[in-house]
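*Asks:* Quick one: the structure is below, questions incoming.
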Amino acid sequence: MAHSLYPEDTSPMAPDSFFEDEELLSLQSRALAYLAVRVPVHLRGPAGMGKTTLALRIAARLGRPVSFLTGDKWLTREDMVGREIGRTARQTVDSYISRVRRTETQERSDWKDAILTEAMRHGHTLIYDEFTRASPQANSVLLSVLEEGVLVFHDARAGRQHMPAHPEFRMILTSNPHDYVGIEHAPDALIDRVVTFDLDDIPADTERGIVAARTGLPKEMADRLVQLVRDLRRGDAGAAASIRTALLLGRLVAAQQTKISARDPNFVQICVDVLRSRYGRGGSEGFEAALKQALRALPTEDDVQEMKVAS
Ligand SMILES: Nc1ncnc2c1ncn2[C@@H]1O[C@H](COP(=O)(O)OP(=O)(O)OP(=O)(O)O)[C@@H](O)[C@H]1O
């Protein structure tokens, strides 16, 4: 039974446009059970399949402040841990007795926390989105955090430091395993310390529910869009057609009031414009053939008119 529900108003999205069904609720409750005993959770899947939205939803249900970090190749350990920002020297001159003058200098380094240290200190839920975009060197600081909840870092003056996390600190990671420039493979050592949920093959019913809830399109129209997008994603073409793609098509269909039909030239043109760049193999001809086939498979449409494809 699919339903939209909001037990508490903590979501970053409008409550009525967030969709959860049994599948998503079960995933959330398992994630929350692991997080409850301080086991970090990792949501993995292709772009646009709902990883970040789900991570935010789980974090909201933990009821703690949320810190959000996005991985990229420029991210350094210092960006996560913090850095020394200078030294403060304090001098006390004791001249109480005129003939005796005693001077005492105290020096301390000034430290500025960064997102990881701050989240650990204050017990935030840290969402580390797209963590495989950051370098393994930057991410290596996480190993002890994920396993023991202790940050080990180096302070120039104090040397090696250990910072235990606040008892409420939790971490949720997301990543996209698909190979493209800028992605590092998630190191085994890191994957070994988390529970990973794969979101690349979410049930069609869940996808339909999300598209209907977010676009406001009638259910049959949302179903057709999802079928089209899933056919292209799962077919030989391997098109990068995600939930986000279906939502984009839905917005354009609603704005232009087209039918979701191969007979509607506006709809076909929207499909070509939106989907061509997401198509993996076979060039333009391969794309047209795959799209025709997917359109032909739509319910109640049994033939496909010649597509007029704008170049
Ligand atoms: N359960 C849901 N209810 C409503 N909308 C959803 C849900 N899950 C995903 N969406 C919507 O689907 C789109 C893609 O989701 P999201 O950005 O979370 O994907 P992602 O996997 O994190 O993508 P990327 O890897 O590109 O960051 C967003 O517009 C999001 O709002």
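By order in the structure tokens, chains are A, B, ...; within a chain, residues start at 1; ligands start at 1, following the order shown.
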From the DSSP assignment of the backbone, select every residue of region 82-152 of chain A that is strand (DSSP E or B), and format the answer as a ChimeraX atom specification.
*Replies:* /A:82-94,102-113,125-129,150-152
*Asks:* Excluding region 82-86 of chain A and any residue of its chain fewer than 4 positions from it, enumerate the residues within 7 Å of it, using only C-alpha atoms, and give them as a PyMOL selection string.
*Replies:* chain A and resi 78+109-114
*Asks:* So how many Å separate CA of Ala60 (chain A) and CA of Ala241 (chain A), to one decimal?
*Replies:*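 Separation between CA of Ala60 (chain A) and CA of Ala241 (chain A): 27.8 Å.
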*Asks:* One decimal, Å: what's the distance from atom 28 (C, counted along the ligand's line) of ligand 1 over to CA of Gly45 (chain A), could you say?
*Replies:*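 Separation between atom 28 (C, counted along the ligand's line) of ligand 1 and CA of Gly45 (chain A): 13.4 Å.
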*Asks:* With a cut-off of 10 Å, could you pull out the residues of chain A touching ligand 1 and give me the nearest pair of atoms for each, distance in Å to one decimal, using only C-alpha atoms and all ligand atoms, ordered by chain and ascending number, as a tab-separated table?
*Replies:*
```
residue	atom	partner	partner_atom_place_in_ligand_line	distance
A:Ser4	CA	ligand 1	3 (N)	8.7
A:Pro12	CA	ligand 1	31 (O)	9.6
A:Met13	CA	ligand 1	31 (O)	7.5
A:Ala14	CA	ligand 1	4 (C)	9.2
A:Pro15	CA	ligand 1	4 (C)	9.3
A:Asp16	CA	ligand 1	4 (C)	8.9
A:Ser17	CA	ligand 1	4 (C)	5.6
A:Phe18	CA	ligand 1	3 (N)	3.8
A:Phe19	CA	ligand 1	3 (N)	3.9
A:Glu20	CA	ligand 1	1 (N)	5.4
A:Asp21	CA	ligand 1	1 (N)	8.4
A:Leu24	CA	ligand 1	1 (N)	7.3
A:Leu25	CA	ligand 1	1 (N)	9.7
A:Leu43	CA	ligand 1	21 (O)	8.7
A:Arg44	CA	ligand 1	21 (O)	8.0
A:Gly45	CA	ligand 1	21 (O)	6.3
A:Pro46	CA	ligand 1	25 (O)	6.0
A:Ala47	CA	ligand 1	25 (O)	3.4
A:Gly48	CA	ligand 1	23 (O)	3.4
A:Met49	CA	ligand 1	21 (O)	3.9
A:Gly50	CA	ligand 1	18 (O)	3.3
A:Lys51	CA	ligand 1	21 (O)	3.9
A:Thr52	CA	ligand 1	22 (O)	3.7
A:Thr53	CA	ligand 1	18 (O)	3.7
A:Leu54	CA	ligand 1	8 (N)	6.3
A:Ala55	CA	ligand 1	18 (O)	7.8
A:Leu56	CA	ligand 1	18 (O)	8.4
A:Arg57	CA	ligand 1	1 (N)	8.5
A:Thr70	CA	ligand 1	27 (O)	9.6
A:Asp129	CA	ligand 1	27 (O)	7.6
A:Glu130	CA	ligand 1	25 (O)	7.0
A:Thr174	CA	ligand 1	22 (O)	7.6
A:Ser175	CA	ligand 1	25 (O)	7.1
A:Asn176	CA	ligand 1	25 (O)	6.2
A:Pro177	CA	ligand 1	25 (O)	9.9
A:Leu199	CA	ligand 1	21 (O)	8.0
A:Asp200	CA	ligand 1	21 (O)	9.0
A:Thr206	CA	ligand 1	1 (N)	8.0
A:Glu207	CA	ligand 1	8 (N)	8.2
A:Gly209	CA	ligand 1	3 (N)	8.0
A:Ile210	CA	ligand 1	3 (N)	4.9
A:Val211	CA	ligand 1	5 (N)	7.2
A:Ala212	CA	ligand 1	4 (C)	9.0
A:Ala213	CA	ligand 1	4 (C)	6.6
A:Arg214	CA	ligand 1	4 (C)	5.8
A:Thr215	CA	ligand 1	5 (N)	9.3
A:Ser242	CA	ligand 1	14 (C)	7.6
A:Ile243	CA	ligand 1	12 (O)	5.3
A:Arg244	CA	ligand 1	13 (C)	4.3
A:Thr245	CA	ligand 1	13 (C)	8.1
A:Ala246	CA	ligand 1	12 (O)	8.7
A:Leu247	CA	ligand 1	29 (O)	6.9
A:Leu248	CA	ligand 1	29 (O)	8.6
```
*Asks:* Just how far from CA of Thr196 (chain A) is CA of Leu228 (chain A), in Å to one decimal?
*Replies:*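 Here the two named atoms are 28.4 Å from each other.
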*Asks:* Need the shell around Met80 (chain A): protein/DNA/RNA residues with any atom at most 12 Å away, counting only C-alpha atoms. Skip same-chain ones fewer than 6 positions apart. Format as a ChimeraX atom specification?
*Replies:* /A:67-72,74,112-120,126,128,131,134,137-142,145,151,153
*Asks:* Please provide the set of residues having any atom within 10 Å of Glu220 (chain A), restricted to only C-alpha atoms, with same-chain residues fewer than 6 positions apart removed, written as a CSV table (one decimal) with N, CA, C and O atoms, in the first residue's frame.
*Replies:*
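And here is the file that came out, out.csv:
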```
chain,number,residue,atom,x,y,z
A,208,ARG,N,6.9,5.4,-9.4
A,208,ARG,CA,5.6,6.0,-9.9
A,208,ARG,C,5.0,6.9,-8.8
A,208,ARG,O,4.5,8.0,-9.1
A,212,ALA,N,4.3,10.8,-9.4
A,212,ALA,CA,2.9,11.4,-9.2
A,212,ALA,C,2.9,12.4,-8.1
A,212,ALA,O,2.3,13.5,-8.3
A,226,VAL,N,7.0,7.0,-16.1
A,226,VAL,CA,8.0,6.1,-15.4
A,226,VAL,C,8.3,4.9,-16.3
A,226,VAL,O,9.4,4.4,-16.3
A,260,ILE,N,0.9,12.1,-23.1
A,260,ILE,CA,2.1,11.2,-23.0
A,260,ILE,C,1.9,10.1,-24.0
A,260,ILE,O,1.5,9.0,-23.7
A,299,PRO,N,1.3,1.9,-22.8
A,299,PRO,CA,0.0,1.3,-22.9
A,299,PRO,C,-0.9,2.1,-23.7
A,299,PRO,O,-0.8,3.3,-23.8
```
*Asks:* Output as a VMD selection string all residues of region 62-297 of chain A that backbone DSSP marks as helix (DSSP H, G or I).
*Replies:* chain A and resid 62 77 to 81 115 to 122 131 to 133 136 to 139 142 to 148 188 to 191 204 to 215 219 to 234 243 to 256 265 to 278 283 to 296
